[in-house]
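To be precise, the following lines are structure_2.pdb, and they hold PDB, C-alpha atoms.
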ATOM      1  CA  MET A   1      62.177   4.922  48.934
ATOM      2  CA  ASN A   2      65.424   3.365  47.883
ATOM      3  CA  VAL A   3      68.460   3.935  50.149
ATOM      4  CA  TRP A   4      70.393   5.552  47.289
ATOM      5  CA  ILE A   5      67.590   8.072  46.765
ATOM      6  CA  ALA A   6      67.574   8.842  50.503
ATOM      7  CA  ILE A   7      71.333   9.445  50.365
ATOM      8  CA  VAL A   8      71.135  11.774  47.357
ATOM      9  CA  VAL A   9      68.141  13.709  48.728
ATOM     10  CA  THR A  10      69.845  14.094  52.129
ATOM     11  CA  GLY A  11      72.976  15.349  50.385
ATOM     12  CA  LEU A  12      71.047  17.847  48.260
ATOM     13  CA  GLY A  13      68.924  19.041  51.181
ATOM     14  CA  CYS A  14      71.926  19.561  53.433
ATOM     15  CA  TYR A  15      73.768  21.393  50.650
ATOM     16  CA  ALA A  16      70.797  23.682  49.976
ATOM     17  CA  LEU A  17      70.691  24.672  53.657
ATOM     18  CA  LYS A  18      74.435  25.382  53.710
ATOM     19  CA  LEU A  19      74.175  27.533  50.592
ATOM     20  CA  GLY A  20      71.034  29.265  51.885
ATOM     21  CA  GLY A  21      72.832  31.271  54.546
ATOM     22  CA  LEU A  22      75.686  32.265  52.246
ATOM     23  CA  VAL A  23      73.382  33.742  49.591
ATOM     24  CA  ALA A  24      71.392  35.915  52.026
ATOM     25  CA  PRO A  25      71.235  39.528  50.764
ATOM     26  CA  GLN A  26      74.240  41.526  51.961
ATOM     27  CA  ARG A  27      72.059  44.573  52.698
ATOM     28  CA  VAL A  28      70.242  42.644  55.410
ATOM     29  CA  LEU A  29      73.502  41.306  56.850
ATOM     30  CA  ASP A  30      75.024  44.789  57.023
ATOM     31  CA  ASP A  31      72.424  46.030  59.497
ATOM     32  CA  PRO A  32      74.338  46.427  62.809
ATOM     33  CA  ARG A  33      71.706  44.571  64.818
ATOM     34  CA  VAL A  34      71.676  41.673  62.350
ATOM     35  CA  ARG A  35      75.479  41.647  62.461
ATOM     36  CA  ARG A  36      75.466  41.346  66.230
ATOM     37  CA  PHE A  37      72.844  38.598  66.039
ATOM     38  CA  THR A  38      74.649  36.563  63.379
ATOM     39  CA  GLY A  39      77.918  37.100  65.257
ATOM     40  CA  LEU A  40      76.438  35.516  68.374
ATOM     41  CA  VAL A  41      74.577  32.695  66.580
ATOM     42  CA  PRO A  42      77.653  30.424  66.276
ATOM     43  CA  VAL A  43      78.345  30.920  70.003
ATOM     44  CA  ALA A  44      74.758  29.929  70.812
ATOM     45  CA  LEU A  45      74.618  26.931  68.457
ATOM     46  CA  LEU A  46      78.054  25.538  69.280
ATOM     47  CA  THR A  47      77.484  25.839  73.050
ATOM     48  CA  ALA A  48      74.099  24.175  72.643
ATOM     49  CA  LEU A  49      75.825  21.416  70.682
ATOM     50  CA  VAL A  50      78.416  20.909  73.442
ATOM     51  CA  ALA A  51      75.661  20.772  76.074
ATOM     52  CA  VAL A  52      73.532  18.308  74.101
ATOM     53  CA  GLN A  53      76.474  16.097  73.166
ATOM     54  CA  ALA A  54      77.573  16.075  76.818
ATOM     55  CA  LEU A  55      74.213  15.402  78.437
ATOM     56  CA  ALA A  56      71.969  13.681  75.899
ATOM     57  CA  ASP A  57      71.819  10.491  73.892
ATOM     58  CA  GLY A  58      69.456  11.057  70.992
ATOM     59  CA  PRO A  59      66.124  12.310  72.324
ATOM     60  CA  SER A  60      66.746  11.493  76.000
ATOM     61  CA  LEU A  61      68.891  13.139  78.626
ATOM     62  CA  GLU A  62      71.531  10.763  79.886
ATOM     63  CA  PHE A  63      74.378  11.197  82.328
ATOM     64  CA  ASP A  64      77.470   9.398  81.033
ATOM     65  CA  GLY A  65      80.067   9.849  83.795
ATOM     66  CA  ALA A  66      83.064   9.183  81.543
ATOM     67  CA  ARG A  67      81.901  11.637  78.861
ATOM     68  CA  VAL A  68      81.149  14.399  81.361
ATOM     69  CA  ALA A  69      84.474  13.790  83.125
ATOM     70  CA  GLY A  70      86.273  13.989  79.767
ATOM     71  CA  LEU A  71      84.719  17.376  79.065
ATOM     72  CA  GLY A  72      85.444  18.491  82.630
ATOM     73  CA  ALA A  73      89.088  17.569  82.071
ATOM     74  CA  ALA A  74      89.067  19.568  78.825
ATOM     75  CA  MET A  75      87.739  22.561  80.748
ATOM     76  CA  ALA A  76      90.476  22.175  83.389
ATOM     77  CA  ALA A  77      93.096  22.025  80.620
ATOM     78  CA  LEU A  78      91.644  25.195  79.061
ATOM     79  CA  LEU A  79      91.805  26.974  82.421
ATOM     80  CA  LEU A  80      95.485  25.977  82.598
ATOM     81  CA  ARG A  81      95.922  27.451  79.091
ATOM     82  CA  ALA A  82      96.932  24.141  77.552
ATOM     83  CA  PRO A  83      97.389  24.064  73.764
ATOM     84  CA  PHE A  84      94.469  22.924  71.628
ATOM     85  CA  LEU A  85      95.662  19.382  70.853
ATOM     86  CA  VAL A  86      96.579  18.800  74.523
ATOM     87  CA  VAL A  87      93.017  19.780  75.460
ATOM     88  CA  LEU A  88      91.630  17.219  72.998
ATOM     89  CA  GLY A  89      94.066  14.522  74.129
ATOM     90  CA  VAL A  90      93.216  15.051  77.799
ATOM     91  CA  ALA A  91      89.464  14.927  77.059
ATOM     92  CA  ALA A  92      89.604  11.690  75.066
ATOM     93  CA  GLY A  93      92.186  10.156  77.440
ATOM     94  CA  VAL A  94      90.153  10.786  80.595
ATOM     95  CA  ALA A  95      86.944   9.433  79.011
ATOM     96  CA  ALA A  96      88.730   6.355  77.657
ATOM     97  CA  GLY A  97      90.571   5.777  80.957
ATOM     98  CA  LEU A  98      87.385   5.917  83.018
ATOM     99  CA  ARG A  99      85.663   3.472  80.640
ATOM    100  CA  LEU A 100      88.557   1.036  81.055
ATOM    101  CA  LEU A 101      88.036   0.904  84.823
TER     102      LEU A 101
ATOM    103  CA  MET B   1      97.450  28.592  69.672
ATOM    104  CA  SER B   2      95.082  31.355  68.765
ATOM    105  CA  ALA B   3      92.045  29.402  69.937
ATOM    106  CA  THR B   4      93.065  29.866  73.543
ATOM    107  CA  GLU B   5      93.893  33.532  73.200
ATOM    108  CA  CYS B   6      91.707  36.497  72.429
ATOM    109  CA  GLY B   7      88.249  36.163  70.916
ATOM    110  CA  PRO B   8      87.124  37.673  67.630
ATOM    111  CA  ALA B   9      85.588  41.104  67.450
ATOM    112  CA  ALA B  10      82.102  41.362  65.989
ATOM    113  CA  GLY B  11      83.366  43.573  63.194
ATOM    114  CA  GLU B  12      86.445  41.974  61.755
ATOM    115  CA  ALA B  13      89.501  43.916  60.716
ATOM    116  CA  PRO B  14      90.051  43.677  56.953
ATOM    117  CA  SER B  15      93.539  42.238  57.260
ATOM    118  CA  ALA B  16      95.594  40.376  59.830
ATOM    119  CA  PRO B  17      99.280  39.772  60.481
ATOM    120  CA  ALA B  18     100.790  36.655  58.936
ATOM    121  CA  GLY B  19     101.187  35.180  62.435
ATOM    122  CA  ASP B  20      97.409  35.182  62.924
ATOM    123  CA  ARG B  21      97.006  33.410  59.603
ATOM    124  CA  ARG B  22      99.545  30.751  60.556
ATOM    125  CA  ALA B  23      97.766  30.197  63.872
ATOM    126  CA  ALA B  24      94.466  29.875  61.999
ATOM    127  CA  VAL B  25      95.977  27.267  59.675
ATOM    128  CA  ARG B  26      97.266  25.339  62.721
ATOM    129  CA  ASP B  27      93.788  25.454  64.277
ATOM    130  CA  GLY B  28      92.261  24.206  61.047
ATOM    131  CA  LEU B  29      94.711  21.325  60.674
ATOM    132  CA  GLY B  30      94.221  20.281  64.317
ATOM    133  CA  VAL B  31      90.424  20.319  64.084
ATOM    134  CA  GLY B  32      90.417  18.646  60.666
ATOM    135  CA  VAL B  33      92.586  15.747  61.801
ATOM    136  CA  ALA B  34      91.045  15.309  65.271
ATOM    137  CA  VAL B  35      87.400  15.521  64.196
ATOM    138  CA  GLY B  36      88.141  13.728  60.935
ATOM    139  CA  LEU B  37      88.918  10.626  62.983
ATOM    140  CA  SER B  38      85.250  10.260  63.861
ATOM    141  CA  GLY B  39      84.658   9.323  60.236
ATOM    142  CA  LEU B  40      85.877   5.880  61.377
ATOM    143  CA  ALA B  41      82.916   5.710  63.734
ATOM    144  CA  PHE B  42      80.554   6.909  61.009
ATOM    145  CA  GLY B  43      81.778   4.393  58.431
ATOM    146  CA  ALA B  44      81.460   1.570  60.934
ATOM    147  CA  ALA B  45      78.018   2.709  62.106
ATOM    148  CA  ALA B  46      76.752   3.055  58.539
ATOM    149  CA  VAL B  47      77.795  -0.474  57.539
ATOM    150  CA  THR B  48      76.417  -1.883  60.803
ATOM    151  CA  ALA B  49      73.127  -0.127  59.973
ATOM    152  CA  GLY B  50      72.973  -1.957  56.648
ATOM    153  CA  LEU B  51      74.469   0.515  54.166
ATOM    154  CA  SER B  52      77.027  -0.765  51.684
ATOM    155  CA  PRO B  53      80.507   0.806  51.851
ATOM    156  CA  PRO B  54      79.847   2.768  48.598
ATOM    157  CA  GLN B  55      76.635   4.123  50.144
ATOM    158  CA  ALA B  56      78.452   5.146  53.331
ATOM    159  CA  CYS B  57      81.131   6.919  51.271
ATOM    160  CA  ALA B  58      78.581   8.636  49.022
ATOM    161  CA  LEU B  59      76.786   9.987  52.087
ATOM    162  CA  SER B  60      80.027  11.439  53.481
ATOM    163  CA  LEU B  61      80.942  12.968  50.116
ATOM    164  CA  LEU B  62      77.489  14.456  49.462
ATOM    165  CA  ALA B  63      76.075  15.386  52.869
ATOM    166  CA  PHE B  64      79.369  16.134  54.694
ATOM    167  CA  THR B  65      77.689  17.078  57.946
ATOM    168  CA  GLY B  66      78.189  14.440  60.608
ATOM    169  CA  ALA B  67      75.033  14.770  62.681
ATOM    170  CA  SER B  68      72.765  14.438  59.622
ATOM    171  CA  GLN B  69      74.702  11.410  58.402
ATOM    172  CA  PHE B  70      74.476   9.636  61.768
ATOM    173  CA  ALA B  71      70.765  10.481  61.888
ATOM    174  CA  LEU B  72      70.007   8.930  58.487
ATOM    175  CA  THR B  73      71.999   5.757  59.137
ATOM    176  CA  GLY B  74      70.454   5.506  62.604
ATOM    177  CA  VAL B  75      66.966   5.496  61.100
ATOM    178  CA  ILE B  76      67.941   2.985  58.416
ATOM    179  CA  GLY B  77      69.548   0.745  61.040
ATOM    180  CA  GLY B  78      66.511   1.005  63.284
ATOM    181  CA  GLY B  79      64.230  -0.037  60.416
ATOM    182  CA  GLY B  80      62.523   3.346  60.308
ATOM    183  CA  GLY B  81      60.944   4.944  57.226
ATOM    184  CA  LEU B  82      63.365   6.402  54.694
ATOM    185  CA  VAL B  83      61.203   9.474  54.067
ATOM    186  CA  ALA B  84      61.098  10.388  57.758
ATOM    187  CA  GLY B  85      64.780   9.550  58.097
ATOM    188  CA  THR B  86      65.700  11.815  55.191
ATOM    189  CA  LEU B  87      63.561  14.668  56.514
ATOM    190  CA  GLY B  88      65.103  14.338  59.962
ATOM    191  CA  ALA B  89      68.628  14.308  58.545
ATOM    192  CA  VAL B  90      67.999  17.446  56.476
ATOM    193  CA  LEU B  91      66.359  19.175  59.457
ATOM    194  CA  LEU B  92      69.514  18.520  61.487
ATOM    195  CA  GLY B  93      71.458  20.449  58.847
ATOM    196  CA  GLY B  94      69.352  23.538  59.475
ATOM    197  CA  ARG B  95      71.890  25.164  61.726
ATOM    198  CA  ASN B  96      74.334  25.289  58.814
ATOM    199  CA  ALA B  97      72.044  27.889  57.195
ATOM    200  CA  LEU B  98      72.466  30.086  60.271
ATOM    201  CA  TYR B  99      76.247  29.609  60.143
ATOM    202  CA  GLY B 100      76.137  30.763  56.524
ATOM    203  CA  LEU B 101      74.614  34.085  57.605
ATOM    204  CA  ARG B 102      77.662  34.667  59.794
ATOM    205  CA  LEU B 103      80.229  33.368  57.291
ATOM    206  CA  ALA B 104      78.867  35.235  54.233
ATOM    207  CA  ARG B 105      80.601  38.449  55.315
ATOM    208  CA  THR B 106      83.838  36.664  56.176
ATOM    209  CA  LEU B 107      84.135  34.633  52.974
ATOM    210  CA  GLU B 108      82.632  37.118  50.518
ATOM    211  CA  ALA B 109      82.760  34.385  47.887
ATOM    212  CA  ARG B 110      80.826  34.648  44.623
ATOM    213  CA  GLY B 111      79.922  32.318  41.771
ATOM    214  CA  TRP B 112      81.564  28.899  41.723
ATOM    215  CA  ARG B 113      83.738  29.750  44.738
ATOM    216  CA  ARG B 114      80.616  30.307  46.801
ATOM    217  CA  ALA B 115      79.006  27.144  45.438
ATOM    218  CA  LEU B 116      82.101  25.187  46.490
ATOM    219  CA  ALA B 117      82.592  26.925  49.856
ATOM    220  CA  ALA B 118      78.953  26.243  50.764
ATOM    221  CA  GLN B 119      79.602  22.496  51.055
ATOM    222  CA  ALA B 120      82.043  23.292  53.887
ATOM    223  CA  VAL B 121      79.690  25.476  55.965
ATOM    224  CA  ILE B 122      79.455  23.224  59.032
ATOM    225  CA  ASP B 123      80.040  23.308  62.810
ATOM    226  CA  GLU B 124      83.808  22.816  62.678
ATOM    227  CA  THR B 125      84.641  25.327  59.943
ATOM    228  CA  THR B 126      82.409  27.930  61.617
ATOM    229  CA  ALA B 127      83.998  27.281  65.001
ATOM    230  CA  VAL B 128      87.529  27.731  63.632
ATOM    231  CA  ALA B 129      86.689  30.734  61.429
ATOM    232  CA  THR B 130      84.870  32.635  64.179
ATOM    233  CA  ALA B 131      87.637  31.925  66.701
ATOM    234  CA  GLN B 132      90.126  33.942  64.618
ATOM    235  CA  GLU B 133      91.015  37.591  64.853
ATOM    236  CA  GLY B 134      90.639  39.385  61.526
ATOM    237  CA  ARG B 135      89.096  38.406  58.214
ATOM    238  CA  ASP B 136      92.238  36.980  56.579
ATOM    239  CA  ALA B 137      92.865  34.657  59.512
ATOM    240  CA  ALA B 138      89.182  33.681  59.598
ATOM    241  CA  ARG B 139      89.282  32.783  55.902
ATOM    242  CA  ALA B 140      92.534  30.849  56.302
ATOM    243  CA  GLY B 141      90.994  28.958  59.228
ATOM    244  CA  PHE B 142      87.799  28.219  57.304
ATOM    245  CA  TYR B 143      89.486  26.863  54.190
ATOM    246  CA  THR B 144      92.170  24.898  56.050
ATOM    247  CA  THR B 145      89.541  23.232  58.222
ATOM    248  CA  ALA B 146      87.322  22.631  55.186
ATOM    249  CA  VAL B 147      89.968  20.875  53.087
ATOM    250  CA  THR B 148      91.573  18.922  55.950
ATOM    251  CA  LEU B 149      88.269  17.775  57.374
ATOM    252  CA  TYR B 150      86.741  16.886  53.990
ATOM    253  CA  VAL B 151      89.728  14.730  53.072
ATOM    254  CA  MET B 152      90.007  13.130  56.534
ATOM    255  CA  TRP B 153      86.268  12.565  56.970
ATOM    256  CA  ASN B 154      85.918  10.815  53.611
ATOM    257  CA  LEU B 155      89.083   8.721  54.031
ATOM    258  CA  THR B 156      88.107   7.586  57.515
ATOM    259  CA  THR B 157      84.531   6.867  56.384
ATOM    260  CA  LEU B 158      86.005   4.505  53.785
ATOM    261  CA  LEU B 159      88.328   2.914  56.348
ATOM    262  CA  GLY B 160      85.542   2.577  58.910
ATOM    263  CA  ALA B 161      83.140   1.095  56.359
ATOM    264  CA  ALA B 162      85.727  -1.318  54.987
ATOM    265  CA  GLY B 163      86.952  -2.489  58.372
ATOM    266  CA  ALA B 164      83.782  -2.157  60.421
ATOM    267  CA  ALA B 165      84.064  -5.583  62.008
ATOM    268  CA  ARG B 166      87.679  -5.131  63.032
ATOM    269  CA  LEU B 167      87.203  -1.741  64.659
ATOM    270  CA  GLY B 168      86.578  -1.645  68.346
ATOM    271  CA  ASP B 169      84.016   0.530  70.038
ATOM    272  CA  PRO B 170      84.938   4.164  69.197
ATOM    273  CA  GLU B 171      83.692   5.225  72.630
ATOM    274  CA  ALA B 172      86.324   3.003  74.234
ATOM    275  CA  ILE B 173      89.024   5.384  73.025
ATOM    276  CA  GLY B 174      86.990   8.462  73.934
ATOM    277  CA  LEU B 175      86.252   9.464  70.333
ATOM    278  CA  ASP B 176      82.751  10.677  71.297
ATOM    279  CA  VAL B 177      84.275  13.375  73.525
ATOM    280  CA  LEU B 178      86.462  14.853  70.764
ATOM    281  CA  GLY B 179      83.672  16.743  68.972
ATOM    282  CA  PRO B 180      82.324  18.623  72.005
ATOM    283  CA  ALA B 181      85.900  19.195  73.282
ATOM    284  CA  VAL B 182      86.825  20.851  69.960
ATOM    285  CA  PHE B 183      83.888  23.260  70.142
ATOM    286  CA  LEU B 184      84.533  23.989  73.814
ATOM    287  CA  ALA B 185      88.196  24.825  73.127
ATOM    288  CA  LEU B 186      87.380  27.094  70.172
ATOM    289  CA  LEU B 187      84.572  28.845  72.054
ATOM    290  CA  TRP B 188      86.575  29.245  75.242
ATOM    291  CA  PRO B 189      87.819  32.808  74.603
ATOM    292  CA  ARG B 190      84.297  34.040  73.950
ATOM    293  CA  LEU B 191      82.980  32.283  77.049
ATOM    294  CA  THR B 192      85.603  33.710  79.363
ATOM    295  CA  ALA B 193      86.493  37.138  77.966
ATOM    296  CA  ASP B 194      83.248  38.298  76.374
ATOM    297  CA  ARG B 195      80.271  38.906  78.669
ATOM    298  CA  ALA B 196      77.745  39.024  75.828
ATOM    299  CA  GLY B 197      79.093  35.728  74.502
ATOM    300  CA  ALA B 198      79.029  34.061  77.916
ATOM    301  CA  GLY B 199      75.431  35.122  78.550
ATOM    302  CA  VAL B 200      74.270  33.886  75.164
ATOM    303  CA  ALA B 201      76.134  30.600  75.676
ATOM    304  CA  MET B 202      74.495  29.990  79.070
ATOM    305  CA  GLY B 203      71.048  30.715  77.669
ATOM    306  CA  ALA B 204      71.662  28.510  74.652
ATOM    307  CA  ALA B 205      72.859  25.548  76.718
ATOM    308  CA  VAL B 206      69.804  25.767  79.002
ATOM    309  CA  ILE B 207      67.379  26.012  76.051
ATOM    310  CA  ALA B 208      68.946  23.083  74.203
ATOM    311  CA  VAL B 209      69.105  20.756  77.205
ATOM    312  CA  ALA B 210      65.577  21.647  78.371
ATOM    313  CA  ALA B 211      64.131  21.101  74.875
ATOM    314  CA  THR B 212      65.974  17.827  74.175
ATOM    315  CA  PRO B 213      63.395  15.451  75.712
ATOM    316  CA  LEU B 214      60.503  17.366  74.123
ATOM    317  CA  LEU B 215      61.508  17.965  70.496
ATOM    318  CA  PRO B 216      62.961  15.851  67.658
ATOM    319  CA  PRO B 217      66.791  15.665  67.481
ATOM    320  CA  GLY B 218      68.310  18.738  65.876
ATOM    321  CA  VAL B 219      65.485  21.084  66.785
ATOM    322  CA  PRO B 220      66.702  21.866  70.345
ATOM    323  CA  VAL B 221      70.069  23.072  69.013
ATOM    324  CA  MET B 222      68.382  25.213  66.336
ATOM    325  CA  LEU B 223      66.039  26.627  68.973
ATOM    326  CA  ALA B 224      69.068  27.653  71.055
ATOM    327  CA  ALA B 225      69.812  30.328  68.432
ATOM    328  CA  ALA B 226      66.994  32.230  70.162
ATOM    329  CA  ALA B 227      69.499  32.989  72.931
ATOM    330  CA  ALA B 228      71.169  35.402  70.479
ATOM    331  CA  LEU B 229      67.888  37.209  69.700
ATOM    332  CA  PRO B 230      68.330  39.978  72.315
ATOM    333  CA  ALA B 231      71.165  41.262  70.077
ATOM    334  CA  LEU B 232      68.481  42.089  67.478
ATOM    335  CA  VAL B 233      66.454  44.303  69.796
ATOM    336  CA  THR B 234      69.030  45.973  72.040
ATOM    337  CA  ARG B 235      70.425  49.273  70.832
ATOM    338  CA  GLY B 236      74.056  50.324  70.385
ATOM    339  CA  GLY B 237      76.822  48.786  72.467
ATOM    340  CA  ALA B 238      80.292  47.713  71.402
ATOM    341  CA  ARG B 239      79.020  44.307  70.348
TER     342      ARG B 239
END
Show me, as structure tokens, the structure contained in the file I just sent.
Amino acid sequence: MNVWIAIVVTGLGCYALKLGGLVAPQRVLDDPRVRRFTGLVPVALLTALVAVQALADGPSLEFDGARVAGLGAAMAALLLRAPFLVVLGVAAGVAAGLRLL
Amino acid sequence: MSATECGPAAGEAPSAPAGDRRAAVRDGLGVGVAVGLSGLAFGAAAVTAGLSPPQACALSLLAFTGASQFALTGVIGGGGGLVAGTLGAVLLGGRNALYGLRLARTLEARGWRRALAAQAVIDETTAVATAQEGRDAARAGFYTTAVTLYVMWNLTTLLGAAGAARLGDPEAIGLDVLGPAVFLALLWPRLTADRAGAGVAMGAAVIAVAATPLLPPGVPVMLAAAAALPALVTRGGAR
């Protein structure tokens, strides 16, 4: 397979998946139990994403001290009710600072 | 900043005060610019993996879902098969279908609007939209994040691909922590104020981490959606 074909097929496949959820029949989505489920799905997926991005590198679990410390700092900033961009700055700054050492 | 205040209700109010909408737009701009910066890392990684700059840019324009893009270029760079690489990249986009189920009610877009909005159904837009109170604010957050991130991601992909050699290691400036920090900040209200949300989040994190060494990349995160399944079988309740 040519790289260009791989790029176009990846693009089409990813788009089809994105559209797939949006075109689901409204009648199904209006069921209260389905609503609760779909309401919680982003919480589940995004938390899973945070956990995997914090603790894994590809298929293997890996403890990167600087990365975990950066996220820990973000959590501390959130507990102190820091604004969004401050939280991001603290996270990246702590990770970068520890890697400089 | 609305992201650090109250979480969204499961059933959204039909309208929201203008202040909520402004906060949603601020959230969207912040996420779009901050996460958009990682396009630099993608552009550089793609060219290092052997893609030409036009190929790197085409992938960002067409796929526009970071994890899938990194997966495909990773396979190409590692000399792996293109068919397997393409399949893996598309599989990684599977969670966007689940996001669509949640966003369909919020966006209520039809025809060409829906076809266009679909391209923007990704982690970041879902995180911002679902962190807002009320449907108007959720829509404002979705579209602001979508436009800002699409523009930023494609510009920085171009910059990263064009200047790959001159860019330092993106990890040196902590760019790899930005993505998870964004999701953590947007989820925070639901993790701290909402017991159902916190329980689901704990379960999801455990499932994803436990499954990571056993299953191909992308599958553990999809599997974590199972943590929300009890909502399908339990009766009643406010949420």
Give me, as a JSON list (two decimals) with C-alpha atoms, in the frame of the given file, all polymer residues having an atom no more than 10 Å from Ser52 (chain B), counting all atoms listed in the file and skipping those fewer than 5 positions away in the same chain.
[["chain", "number", "residue", "atom", "x", "y", "z"],
["A", 3, "VAL", "CA", 68.46, 3.94, 50.15],
["B", 43, "GLY", "CA", 81.78, 4.39, 58.43],
["B", 46, "ALA", "CA", 76.75, 3.06, 58.54],
["B", 47, "VAL", "CA", 77.80, -0.47, 57.54],
["B", 57, "CYS", "CA", 81.13, 6.92, 51.27],
["B", 58, "ALA", "CA", 78.58, 8.64, 49.02],
["B", 161, "ALA", "CA", 83.14, 1.10, 56.36],
["B", 162, "ALA", "CA", 85.73, -1.32, 54.99]]
Problem set entry | For Ala118 (chain B), the nearest of the candidates B:Leu91, B:Ala97, B:Val209, B:Val233, counting all atoms listed in the file |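 Result for the nearest residue to Ala118 (chain B): B:Ala97.
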Problem set entry | Straight-line distance linking CA of Pro220 (chain B) with CA of Val200 (chain B), stated in Å to one decimal |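 Answer for the CA of Pro220 (chain B) to CA of Val200 (chain B) separation: 15.0 Å.
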For this session: Compile the contact shell of region 53-63 of chain A as an MDAnalysis selection string: residues with an atom at most 8 Å away, counting all atoms listed in the file, same-chain residues fewer than 2 positions apart removed.
Result: (chainID A and resid 49:51 65 67:68 71) or (chainID B and resid 177 180 209 212:217)
Cut-off 9 Å: closest region 128-226 of chain B/region 30-42 of chain A atom pairs per residue, using only C-alpha atoms, as JSON lines:
{"residue": "B:Thr130", "atom": "CA", "partner": "A:Pro42", "partner_atom": "CA", "distance": 7.8}
{"residue": "B:Ala196", "atom": "CA", "partner": "A:Leu40", "partner_atom": "CA", "distance": 8.3}
{"residue": "B:Gly197", "atom": "CA", "partner": "A:Leu40", "partner_atom": "CA", "distance": 6.7}
{"residue": "B:Val200", "atom": "CA", "partner": "A:Leu40", "partner_atom": "CA", "distance": 7.3}
{"residue": "B:Ala201", "atom": "CA", "partner": "A:Leu40", "partner_atom": "CA", "distance": 8.8}
{"residue": "B:Ala224", "atom": "CA", "partner": "A:Val41", "partner_atom": "CA", "distance": 8.7}
{"residue": "B:Ala225", "atom": "CA", "partner": "A:Val41", "partner_atom": "CA", "distance": 5.6}
{"residue": "B:Ala226", "atom": "CA", "partner": "A:Val41", "partner_atom": "CA", "distance": 8.4}
Exercise. Can you list what the PyMOL selection byres ((chain A and resi 23) around 10) grabs from this structure, as number ranges by chain?
Worked result: A: 18-22, 24-26; B: 97, 100-101, 104, 108-110, 114-115, 118
Exercise. Hey, which of B:Tyr143, B:Phe70, B:Trp153, B:Phe183 ends up closest to chain A? Count all atoms listed in the file.
Worked result: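 Closest to chain A of all the choices is B:Phe183.
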Can you sort out the box for region 62-75 of chain A, edges along x, y and z, all listed atoms in, 6 Å on every side, with centre and edge lengths in Å to one decimal, as JSON?
{"center_x": 80.3, "center_y": 15.9, "center_z": 81.3, "size_x": 29.6, "size_y": 25.4, "size_z": 17.0}
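Relative to CA of Arg195 (chain B), CA of Phe84 (chain A) is found at 22.5 Å.
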Problem set entry | From B:Gly94, B:Gly80, B:Pro170, B:Gly32, residue lying nearest chain A [only C-alpha atoms] | B:Gly94
Problem set entry | Closest of B:Asp194, B:Asp136, B:Asp123, B:Asp169 to chain A - atom-to-atom distances counting only C-alpha atoms |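 Of all the options, B:Asp123 lies closest to chain A.
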Problem set entry | Pick from A:Ala96, A:Leu79, A:Val28, A:Ile5 nearest to chain B, counting all atoms listed in the file | A:Ala96
So which residues touch Ala6 (chain A) within 12 Å, counting all atoms listed in the file, skipping near sequence neighbours fewer than 3 positions away, as a PDB file with C-alpha atoms, keeping the file's coordinate frame?
ATOM      1  CA  MET A   1      62.177   4.922  48.934  1.00  0.00           C
ATOM      2  CA  ASN A   2      65.424   3.365  47.883  1.00  0.00           C
ATOM      3  CA  VAL A   3      68.460   3.935  50.149  1.00  0.00           C
ATOM      4  CA  VAL A   9      68.141  13.709  48.728  1.00  0.00           C
ATOM      5  CA  THR A  10      69.845  14.094  52.129  1.00  0.00           C
ATOM      6  CA  GLY A  11      72.976  15.349  50.385  1.00  0.00           C
ATOM      7  CA  LEU A  12      71.047  17.847  48.260  1.00  0.00           C
ATOM      8  CA  GLY A  13      68.924  19.041  51.181  1.00  0.00           C
ATOM      9  CA  CYS A  14      71.926  19.561  53.433  1.00  0.00           C
TER      10      CYS A  14
ATOM     11  CA  LEU B  51      74.469   0.515  54.166  1.00  0.00           C
ATOM     12  CA  GLN B  55      76.635   4.123  50.144  1.00  0.00           C
ATOM     13  CA  ALA B  56      78.452   5.146  53.331  1.00  0.00           C
ATOM     14  CA  ALA B  58      78.581   8.636  49.022  1.00  0.00           C
ATOM     15  CA  LEU B  59      76.786   9.987  52.087  1.00  0.00           C
ATOM     16  CA  LEU B  62      77.489  14.456  49.462  1.00  0.00           C
ATOM     17  CA  ALA B  63      76.075  15.386  52.869  1.00  0.00           C
ATOM     18  CA  SER B  68      72.765  14.438  59.622  1.00  0.00           C
ATOM     19  CA  GLN B  69      74.702  11.410  58.402  1.00  0.00           C
ATOM     20  CA  ALA B  71      70.765  10.481  61.888  1.00  0.00           C
ATOM     21  CA  LEU B  72      70.007   8.930  58.487  1.00  0.00           C
ATOM     22  CA  THR B  73      71.999   5.757  59.137  1.00  0.00           C
ATOM     23  CA  VAL B  75      66.966   5.496  61.100  1.00  0.00           C
ATOM     24  CA  ILE B  76      67.941   2.985  58.416  1.00  0.00           C
ATOM     25  CA  GLY B  81      60.944   4.944  57.226  1.00  0.00           C
ATOM     26  CA  LEU B  82      63.365   6.402  54.694  1.00  0.00           C
ATOM     27  CA  VAL B  83      61.203   9.474  54.067  1.00  0.00           C
ATOM     28  CA  ALA B  84      61.098  10.388  57.758  1.00  0.00           C
ATOM     29  CA  GLY B  85      64.780   9.550  58.097  1.00  0.00           C
ATOM     30  CA  THR B  86      65.700  11.815  55.191  1.00  0.00           C
ATOM     31  CA  LEU B  87      63.561  14.668  56.514  1.00  0.00           C
ATOM     32  CA  GLY B  88      65.103  14.338  59.962  1.00  0.00           C
ATOM     33  CA  ALA B  89      68.628  14.308  58.545  1.00  0.00           C
ATOM     34  CA  VAL B  90      67.999  17.446  56.476  1.00  0.00           C
TER      35      VAL B  90
END
Exercise. Written as a PyMOL selection string, which residues does the PyMOL selection byres ((chain B and resi 141) around 7) give for the file shown?
Worked result: chain B and resi 24-25+27-28+128-129+137-140+142-145
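Compared by their closest atoms to chain A, and using all atoms listed in the file, the residues B:Ala131, B:Leu186, B:Ile173, B:Ala23 rank with B:Ile173 nearest.
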Exercise. How far is it from CA of Leu223 (chain B) to CA of Ala48 (chain A), in Å with one decimal?
Worked result: 9.2 Å
